[in-house]
Amino acid sequence: MSARGIRYPFPDPPTEGEATELAAGVLWMRLPLPMALDHVNVYALDDGDGWTVIDTGFASKRSRAIWNALLDGPLGGKPVTRVIVTHHHPDHVGLAGWFITKGSALHMPRTGWLMARMLTLDVQDRPTAETLQFYRRAGMDPDIEAKRRDERPFNFADCVVPLPLGYTRLAEGGTITMGGRVWDIRMGNGHAPEHATFWSRDDNLVIGGDQLLPSISPNLGVYPTEPEADPVAEWLEACERLCPFAGDDQLVLGGHKLPFTGLPLRLTQMIENHHGALARLVDFLAEPRTAGECFPPLFKRSIGAGEYGLALVEAVAHVNHLYQAGQVSRRLNDDGAWVYQAT
């Protein structure tokens, strides 16, 4: 890419149980995930007498063992005094509760704390009636729907340690001191509600979580909890709002993939990618289709069984956006699915 394009100053990720120092007092580590995106990045910032940890990975025996190795090794035996959770998704909040039992204080956005608390308590043995209706209205493949109807769904409690009652809220416009730096807190949106990002006032570091990723776009999904949501609009608004703060020389520490520079270009790409997908989708909806039939213009590749669920909720997000913008109409077909058509 151009001299001001996207670059990767640290092309080799840390191996399991090891850490890479990205800047003075800032360590990058990785934890495994049991899915196609097979890792999550976590960070530790040196506060002198202890560490601030950013995100935690899934709650699993393997993740705990890796963390114990990190605490005894690269973190030098110093305690984790504070855990920062960027957003409520389980690969980021999973072991926060475990750290808290060891004496860490929890800091995270209010919406993320509420979502994580609610979802860990909402354990289901089978999909609810609302979930099954959501599947039907999305036009889920009938064979996949029949299979899911009789299976235990994914539960937050399977991989997230329950959070305690108390926490400290991270809010838009606030500041936080960690790793010997003062950071401005700016909230993203779309991938997760009220997603915290951190922008150093003292050097060129940005902690982006899943809001600021290179090479991949985070999932923008609609779920049975809020079936009429429009995360695409929220994502576009957040990207556009963050653009004025982005600089080419900032080192962005994302929740996945590699640290990168070239954030202005990356934000532009992420905005344009979704506008392009929406334009292709409007053309595709010249003929009436369900959300489940809208994979080709959105993803431009084959969607396998392991990706189907995330693809479906992202398809719903994009048709919801077009519907709420008045670019498509919808009606229920005889199968109880919403059918969308360009107006």
# chains A, B, ... in the order shown; residues from 1 in each chain; ligands from 1
$ residues_around --residues "His191 (chain A)" --least-positions-apart "4" --cutoff "10 Å" --atoms "only C-alpha atoms" --output "PyMOL selection string"
chain A and resi 87+89+195+210-211+217-222+231-232+234-235
$ closest_atom_pairs --of "region 150-230 of chain A" --to "region 94-107 of chain A" --cutoff "6 Å" --atoms "only C-alpha atoms" --output "Markdown table"
| residue | atom | partner | partner_atom | distance |
| --- | --- | --- | --- | --- |
| A:Cys159 | CA | A:Gly94 | CA | 5.9 |
| A:Val160 | CA | A:Gly94 | CA | 3.9 |
| A:Val161 | CA | A:Gly97 | CA | 5.1 |
| A:Pro162 | CA | A:Gly97 | CA | 5.7 |
| A:Leu163 | CA | A:Gly97 | CA | 4.9 |
| A:Tyr167 | CA | A:Leu106 | CA | 5.1 |
| A:Thr168 | CA | A:His107 | CA | 4.7 |
| A:Arg169 | CA | A:His107 | CA | 5.8 |
$ closest_residue --among "A:Leu298, A:Ala146, A:Leu263, A:Met140" --to "Gly276 (chain A)" --atoms "only C-alpha atoms"
A:Leu298
$ select_by_dssp --residues "region 93-145 of chain A" --states "alpha helix (DSSP H)" --output "ChimeraX atom specification"
/A:93,96-101,110-121,129-138,142-145
$ write_last_selection --atoms "N, CA and C atoms" --output "compact mmCIF listing (two decimals), in the first residue's frame"
# COMPACT_ATOMS: atom_id res chain seq x y z
N VAL A 93 -14.67 -10.53 27.97
CA VAL A 93 -15.08 -10.42 29.37
C VAL A 93 -14.97 -11.76 30.12
N ALA A 96 -12.85 -11.95 33.35
CA ALA A 96 -12.80 -10.76 34.21
C ALA A 96 -13.21 -11.11 35.64
N GLY A 97 -14.28 -11.89 35.78
CA GLY A 97 -14.73 -12.28 37.12
C GLY A 97 -13.69 -13.08 37.88
N TRP A 98 -12.91 -13.88 37.17
CA TRP A 98 -11.84 -14.68 37.78
C TRP A 98 -10.76 -13.77 38.34
N PHE A 99 -10.39 -12.76 37.57
CA PHE A 99 -9.40 -11.80 38.06
C PHE A 99 -9.91 -11.06 39.29
N ILE A 100 -11.19 -10.76 39.31
CA ILE A 100 -11.76 -10.00 40.42
C ILE A 100 -11.70 -10.83 41.71
N THR A 101 -11.90 -12.14 41.59
CA THR A 101 -11.78 -12.99 42.78
C THR A 101 -10.36 -12.99 43.33
N ARG A 110 -20.92 0.86 31.11
CA ARG A 110 -22.14 0.45 31.81
C ARG A 110 -22.96 -0.55 30.99
N THR A 111 -23.15 -0.26 29.71
CA THR A 111 -23.96 -1.17 28.88
C THR A 111 -23.33 -2.55 28.83
N GLY A 112 -22.00 -2.61 28.69
CA GLY A 112 -21.33 -3.90 28.65
C GLY A 112 -21.47 -4.66 29.95
N TRP A 113 -21.37 -3.95 31.08
CA TRP A 113 -21.52 -4.61 32.38
C TRP A 113 -22.94 -5.17 32.53
N LEU A 114 -23.94 -4.37 32.16
CA LEU A 114 -25.32 -4.83 32.26
C LEU A 114 -25.58 -6.03 31.34
N MET A 115 -25.08 -5.96 30.11
CA MET A 115 -25.28 -7.06 29.17
C MET A 115 -24.62 -8.34 29.68
N ALA A 116 -23.38 -8.23 30.14
CA ALA A 116 -22.67 -9.42 30.63
C ALA A 116 -23.37 -10.00 31.85
N ARG A 117 -23.79 -9.16 32.78
CA ARG A 117 -24.51 -9.65 33.96
C ARG A 117 -25.79 -10.36 33.55
N MET A 118 -26.55 -9.76 32.64
CA MET A 118 -27.83 -10.35 32.22
C MET A 118 -27.62 -11.67 31.51
N LEU A 119 -26.66 -11.70 30.58
CA LEU A 119 -26.49 -12.88 29.75
C LEU A 119 -25.92 -14.07 30.53
N THR A 120 -25.09 -13.82 31.53
CA THR A 120 -24.59 -14.95 32.32
C THR A 120 -25.69 -15.55 33.19
N LEU A 121 -26.70 -14.76 33.52
CA LEU A 121 -27.82 -15.27 34.31
C LEU A 121 -28.89 -15.95 33.46
N ALA A 129 -39.07 -19.39 22.66
CA ALA A 129 -40.05 -19.15 21.59
C ALA A 129 -39.68 -17.89 20.80
N GLU A 130 -39.17 -16.86 21.50
CA GLU A 130 -38.76 -15.64 20.83
C GLU A 130 -37.58 -15.89 19.88
N THR A 131 -36.66 -16.74 20.31
CA THR A 131 -35.52 -17.07 19.46
C THR A 131 -35.97 -17.82 18.21
N LEU A 132 -36.86 -18.78 18.38
CA LEU A 132 -37.35 -19.55 17.23
C LEU A 132 -38.11 -18.65 16.26
N GLN A 133 -38.88 -17.70 16.79
CA GLN A 133 -39.57 -16.76 15.91
C GLN A 133 -38.56 -15.89 15.17
N PHE A 134 -37.50 -15.47 15.85
CA PHE A 134 -36.46 -14.68 15.21
C PHE A 134 -35.83 -15.47 14.05
N TYR A 135 -35.54 -16.75 14.28
CA TYR A 135 -34.99 -17.60 13.22
C TYR A 135 -35.92 -17.65 12.01
N ARG A 136 -37.21 -17.86 12.29
CA ARG A 136 -38.18 -17.96 11.18
C ARG A 136 -38.26 -16.64 10.41
N ARG A 137 -38.33 -15.55 11.13
CA ARG A 137 -38.49 -14.25 10.46
C ARG A 137 -37.22 -13.86 9.69
N ALA A 138 -36.09 -14.39 10.11
CA ALA A 138 -34.85 -14.14 9.37
C ALA A 138 -34.72 -15.03 8.15
N PRO A 142 -34.32 -24.14 6.79
CA PRO A 142 -35.20 -25.01 7.60
C PRO A 142 -34.47 -26.17 8.26
N ASP A 143 -33.48 -26.74 7.58
CA ASP A 143 -32.74 -27.86 8.18
C ASP A 143 -31.92 -27.40 9.38
N ILE A 144 -31.32 -26.22 9.27
CA ILE A 144 -30.54 -25.68 10.38
C ILE A 144 -31.47 -25.30 11.53
N GLU A 145 -32.62 -24.73 11.19
CA GLU A 145 -33.58 -24.37 12.25
C GLU A 145 -34.06 -25.61 12.99
$ closest_residue --among "A:Glu287, A:Glu293, A:Asp230, A:Asp91" --to "Asp38 (chain A)" --atoms "only C-alpha atoms"
A:Asp91
$ atom_distance --atom1 "CA of Trp338 (chain A)" --atom2 "CA of Thr290 (chain A)"
5.8 Å
$ select_by_dssp --residues "region 16-225 of chain A" --states "strand (DSSP E)" --output "ChimeraX atom specification"
/A:20-23,26-32,39-46,51-54,80-84,105-109,168-170,175-178,181-188,195-200,205-209
$ closest_residue --among "A:Leu31, A:Ala19, A:Ala36, A:Ile185" --to "Ala305 (chain A)" --atoms "only C-alpha atoms"
A:Ala36
$ residues_around --residues "Thr86 (chain A)" --least-positions-apart "2" --cutoff "7 Å" --atoms "only C-alpha atoms" --output "list in words"
Asp55, Ile84, Met108, His195, Ala196, Thr197 and Gly209 of chain A
$ decode --residues "region 225-241 of chain A" --atoms "all heavy atoms" --output "PDB file, in the first residue's frame"
ATOM      1  N   THR A 225     -32.746 -10.610  21.224  1.00  0.00           N
ATOM      2  CA  THR A 225     -32.933  -9.648  22.311  1.00  0.00           C
ATOM      3  C   THR A 225     -33.393  -8.283  21.814  1.00  0.00           C
ATOM      4  O   THR A 225     -34.036  -7.541  22.547  1.00  0.00           O
ATOM      5  CB  THR A 225     -31.608  -9.474  23.088  1.00  0.00           C
ATOM      6  OG1 THR A 225     -30.544  -9.292  22.148  1.00  0.00           O
ATOM      7  CG2 THR A 225     -31.322 -10.687  23.957  1.00  0.00           C
ATOM      8  N   GLU A 226     -33.042  -7.928  20.563  1.00  0.00           N
ATOM      9  CA  GLU A 226     -33.444  -6.638  19.982  1.00  0.00           C
ATOM     10  C   GLU A 226     -33.586  -6.817  18.473  1.00  0.00           C
ATOM     11  O   GLU A 226     -32.748  -6.361  17.697  1.00  0.00           O
ATOM     12  CB  GLU A 226     -32.416  -5.553  20.314  1.00  0.00           C
ATOM     13  CG  GLU A 226     -32.912  -4.147  20.023  1.00  0.00           C
ATOM     14  CD  GLU A 226     -31.868  -3.071  20.343  1.00  0.00           C
ATOM     15  OE1 GLU A 226     -30.876  -3.392  21.020  1.00  0.00           O
ATOM     16  OE2 GLU A 226     -32.075  -1.924  19.901  1.00  0.00           O
ATOM     17  N   PRO A 227     -34.653  -7.469  18.032  1.00  0.00           N
ATOM     18  CA  PRO A 227     -34.748  -7.878  16.619  1.00  0.00           C
ATOM     19  C   PRO A 227     -34.861  -6.738  15.628  1.00  0.00           C
ATOM     20  O   PRO A 227     -34.599  -6.932  14.439  1.00  0.00           O
ATOM     21  CB  PRO A 227     -36.002  -8.765  16.594  1.00  0.00           C
ATOM     22  CG  PRO A 227     -36.787  -8.365  17.796  1.00  0.00           C
ATOM     23  CD  PRO A 227     -35.785  -7.968  18.833  1.00  0.00           C
ATOM     24  N   GLU A 228     -35.239  -5.535  16.066  1.00  0.00           N
ATOM     25  CA  GLU A 228     -35.359  -4.399  15.151  1.00  0.00           C
ATOM     26  C   GLU A 228     -34.139  -3.477  15.206  1.00  0.00           C
ATOM     27  O   GLU A 228     -34.164  -2.367  14.668  1.00  0.00           O
ATOM     28  CB  GLU A 228     -36.628  -3.600  15.462  1.00  0.00           C
ATOM     29  CG  GLU A 228     -37.921  -4.396  15.324  1.00  0.00           C
ATOM     30  CD  GLU A 228     -38.167  -4.871  13.900  1.00  0.00           C
ATOM     31  OE1 GLU A 228     -37.744  -4.185  12.948  1.00  0.00           O
ATOM     32  OE2 GLU A 228     -38.798  -5.941  13.748  1.00  0.00           O
ATOM     33  N   ALA A 229     -33.071  -3.902  15.839  1.00  0.00           N
ATOM     34  CA  ALA A 229     -31.878  -3.053  15.997  1.00  0.00           C
ATOM     35  C   ALA A 229     -31.251  -2.725  14.640  1.00  0.00           C
ATOM     36  O   ALA A 229     -31.404  -3.472  13.670  1.00  0.00           O
ATOM     37  CB  ALA A 229     -30.855  -3.746  16.889  1.00  0.00           C
ATOM     38  N   ASP A 230     -30.511  -1.619  14.608  1.00  0.00           N
ATOM     39  CA  ASP A 230     -29.809  -1.192  13.395  1.00  0.00           C
ATOM     40  C   ASP A 230     -28.333  -0.948  13.726  1.00  0.00           C
ATOM     41  O   ASP A 230     -27.872   0.200  13.769  1.00  0.00           O
ATOM     42  CB  ASP A 230     -30.455   0.073  12.827  1.00  0.00           C
ATOM     43  CG  ASP A 230     -29.840   0.512  11.500  1.00  0.00           C
ATOM     44  OD1 ASP A 230     -28.933  -0.173  10.998  1.00  0.00           O
ATOM     45  OD2 ASP A 230     -30.271   1.561  10.973  1.00  0.00           O
ATOM     46  N   PRO A 231     -27.573  -2.014  13.974  1.00  0.00           N
ATOM     47  CA  PRO A 231     -26.163  -1.826  14.312  1.00  0.00           C
ATOM     48  C   PRO A 231     -25.334  -1.270  13.166  1.00  0.00           C
ATOM     49  O   PRO A 231     -24.254  -0.712  13.405  1.00  0.00           O
ATOM     50  CB  PRO A 231     -25.696  -3.224  14.712  1.00  0.00           C
ATOM     51  CG  PRO A 231     -26.646  -4.146  14.033  1.00  0.00           C
ATOM     52  CD  PRO A 231     -27.961  -3.435  14.011  1.00  0.00           C
ATOM     53  N   VAL A 232     -25.800  -1.407  11.921  1.00  0.00           N
ATOM     54  CA  VAL A 232     -25.041  -0.844  10.796  1.00  0.00           C
ATOM     55  C   VAL A 232     -25.007   0.675  10.910  1.00  0.00           C
ATOM     56  O   VAL A 232     -23.950   1.309  10.732  1.00  0.00           O
ATOM     57  CB  VAL A 232     -25.634  -1.303   9.455  1.00  0.00           C
ATOM     58  CG1 VAL A 232     -24.943  -0.596   8.293  1.00  0.00           C
ATOM     59  CG2 VAL A 232     -25.504  -2.819   9.305  1.00  0.00           C
ATOM     60  N   ALA A 233     -26.148   1.285  11.213  1.00  0.00           N
ATOM     61  CA  ALA A 233     -26.173   2.743  11.391  1.00  0.00           C
ATOM     62  C   ALA A 233     -25.286   3.154  12.559  1.00  0.00           C
ATOM     63  O   ALA A 233     -24.559   4.158  12.482  1.00  0.00           O
ATOM     64  CB  ALA A 233     -27.606   3.225  11.619  1.00  0.00           C
ATOM     65  N   GLU A 234     -25.325   2.390  13.647  1.00  0.00           N
ATOM     66  CA  GLU A 234     -24.504   2.703  14.811  1.00  0.00           C
ATOM     67  C   GLU A 234     -23.016   2.576  14.482  1.00  0.00           C
ATOM     68  O   GLU A 234     -22.193   3.369  14.937  1.00  0.00           O
ATOM     69  CB  GLU A 234     -24.885   1.783  15.967  1.00  0.00           C
ATOM     70  CG  GLU A 234     -26.309   2.007  16.467  1.00  0.00           C
ATOM     71  CD  GLU A 234     -26.736   0.976  17.491  1.00  0.00           C
ATOM     72  OE1 GLU A 234     -26.002  -0.022  17.671  1.00  0.00           O
ATOM     73  OE2 GLU A 234     -27.802   1.156  18.108  1.00  0.00           O
ATOM     74  N   TRP A 235     -22.662   1.554  13.688  1.00  0.00           N
ATOM     75  CA  TRP A 235     -21.263   1.346  13.285  1.00  0.00           C
ATOM     76  C   TRP A 235     -20.773   2.511  12.426  1.00  0.00           C
ATOM     77  O   TRP A 235     -19.697   3.055  12.665  1.00  0.00           O
ATOM     78  CB  TRP A 235     -21.157   0.035  12.516  1.00  0.00           C
ATOM     79  CG  TRP A 235     -19.817  -0.226  11.919  1.00  0.00           C
ATOM     80  CD1 TRP A 235     -19.436  -0.049  10.620  1.00  0.00           C
ATOM     81  CD2 TRP A 235     -18.648  -0.685  12.609  1.00  0.00           C
ATOM     82  NE1 TRP A 235     -18.121  -0.387  10.450  1.00  0.00           N
ATOM     83  CE2 TRP A 235     -17.614  -0.787  11.651  1.00  0.00           C
ATOM     84  CE3 TRP A 235     -18.386  -1.035  13.924  1.00  0.00           C
ATOM     85  CZ2 TRP A 235     -16.330  -1.211  11.980  1.00  0.00           C
ATOM     86  CZ3 TRP A 235     -17.106  -1.463  14.250  1.00  0.00           C
ATOM     87  CH2 TRP A 235     -16.105  -1.546  13.290  1.00  0.00           C
ATOM     88  N   LEU A 236     -21.561   2.890  11.429  1.00  0.00           N
ATOM     89  CA  LEU A 236     -21.153   3.973  10.538  1.00  0.00           C
ATOM     90  C   LEU A 236     -21.005   5.282  11.302  1.00  0.00           C
ATOM     91  O   LEU A 236     -20.046   6.032  11.096  1.00  0.00           O
ATOM     92  CB  LEU A 236     -22.164   4.115   9.398  1.00  0.00           C
ATOM     93  CG  LEU A 236     -22.214   2.940   8.409  1.00  0.00           C
ATOM     94  CD1 LEU A 236     -23.393   3.093   7.460  1.00  0.00           C
ATOM     95  CD2 LEU A 236     -20.908   2.833   7.630  1.00  0.00           C
ATOM     96  N   GLU A 237     -21.937   5.553  12.204  1.00  0.00           N
ATOM     97  CA  GLU A 237     -21.844   6.784  13.007  1.00  0.00           C
ATOM     98  C   GLU A 237     -20.577   6.786  13.842  1.00  0.00           C
ATOM     99  O   GLU A 237     -19.880   7.812  13.940  1.00  0.00           O
ATOM    100  CB  GLU A 237     -23.082   6.894  13.909  1.00  0.00           C
ATOM    101  CG  GLU A 237     -23.134   8.163  14.752  1.00  0.00           C
ATOM    102  CD  GLU A 237     -22.311   8.104  16.033  1.00  0.00           C
ATOM    103  OE1 GLU A 237     -22.156   6.996  16.602  1.00  0.00           O
ATOM    104  OE2 GLU A 237     -21.794   9.163  16.460  1.00  0.00           O
ATOM    105  N   ALA A 238     -20.250   5.652  14.460  1.00  0.00           N
ATOM    106  CA  ALA A 238     -19.073   5.586  15.315  1.00  0.00           C
ATOM    107  C   ALA A 238     -17.792   5.768  14.510  1.00  0.00           C
ATOM    108  O   ALA A 238     -16.881   6.505  14.920  1.00  0.00           O
ATOM    109  CB  ALA A 238     -19.046   4.265  16.077  1.00  0.00           C
ATOM    110  N   CYS A 239     -17.699   5.100  13.357  1.00  0.00           N
ATOM    111  CA  CYS A 239     -16.500   5.231  12.523  1.00  0.00           C
ATOM    112  C   CYS A 239     -16.302   6.679  12.087  1.00  0.00           C
ATOM    113  O   CYS A 239     -15.182   7.208  12.126  1.00  0.00           O
ATOM    114  CB  CYS A 239     -16.599   4.321  11.305  1.00  0.00           C
ATOM    115  SG  CYS A 239     -16.424   2.560  11.666  1.00  0.00           S
ATOM    116  N   GLU A 240     -17.382   7.314  11.669  1.00  0.00           N
ATOM    117  CA  GLU A 240     -17.280   8.703  11.213  1.00  0.00           C
ATOM    118  C   GLU A 240     -16.912   9.633  12.377  1.00  0.00           C
ATOM    119  O   GLU A 240     -16.123  10.571  12.206  1.00  0.00           O
ATOM    120  CB  GLU A 240     -18.598   9.126  10.573  1.00  0.00           C
ATOM    121  CG  GLU A 240     -18.846   8.420   9.241  1.00  0.00           C
ATOM    122  CD  GLU A 240     -20.291   8.485   8.783  1.00  0.00           C
ATOM    123  OE1 GLU A 240     -21.120   9.057   9.537  1.00  0.00           O
ATOM    124  OE2 GLU A 240     -20.602   7.965   7.697  1.00  0.00           O
ATOM    125  N   ARG A 241     -17.439   9.349  13.560  1.00  0.00           N
ATOM    126  CA  ARG A 241     -17.144  10.190  14.726  1.00  0.00           C
ATOM    127  C   ARG A 241     -15.696  10.053  15.179  1.00  0.00           C
ATOM    128  O   ARG A 241     -15.094  11.006  15.696  1.00  0.00           O
ATOM    129  CB  ARG A 241     -18.114   9.821  15.861  1.00  0.00           C
ATOM    130  CG  ARG A 241     -17.889  10.556  17.151  1.00  0.00           C
ATOM    131  CD  ARG A 241     -19.067  10.397  18.117  1.00  0.00           C
ATOM    132  NE  ARG A 241     -19.617   9.060  18.120  1.00  0.00           N
ATOM    133  CZ  ARG A 241     -19.103   8.025  18.816  1.00  0.00           C
ATOM    134  NH1 ARG A 241     -18.022   8.202  19.553  1.00  0.00           N
ATOM    135  NH2 ARG A 241     -19.696   6.841  18.789  1.00  0.00           N
TER     136      ARG A 241
END
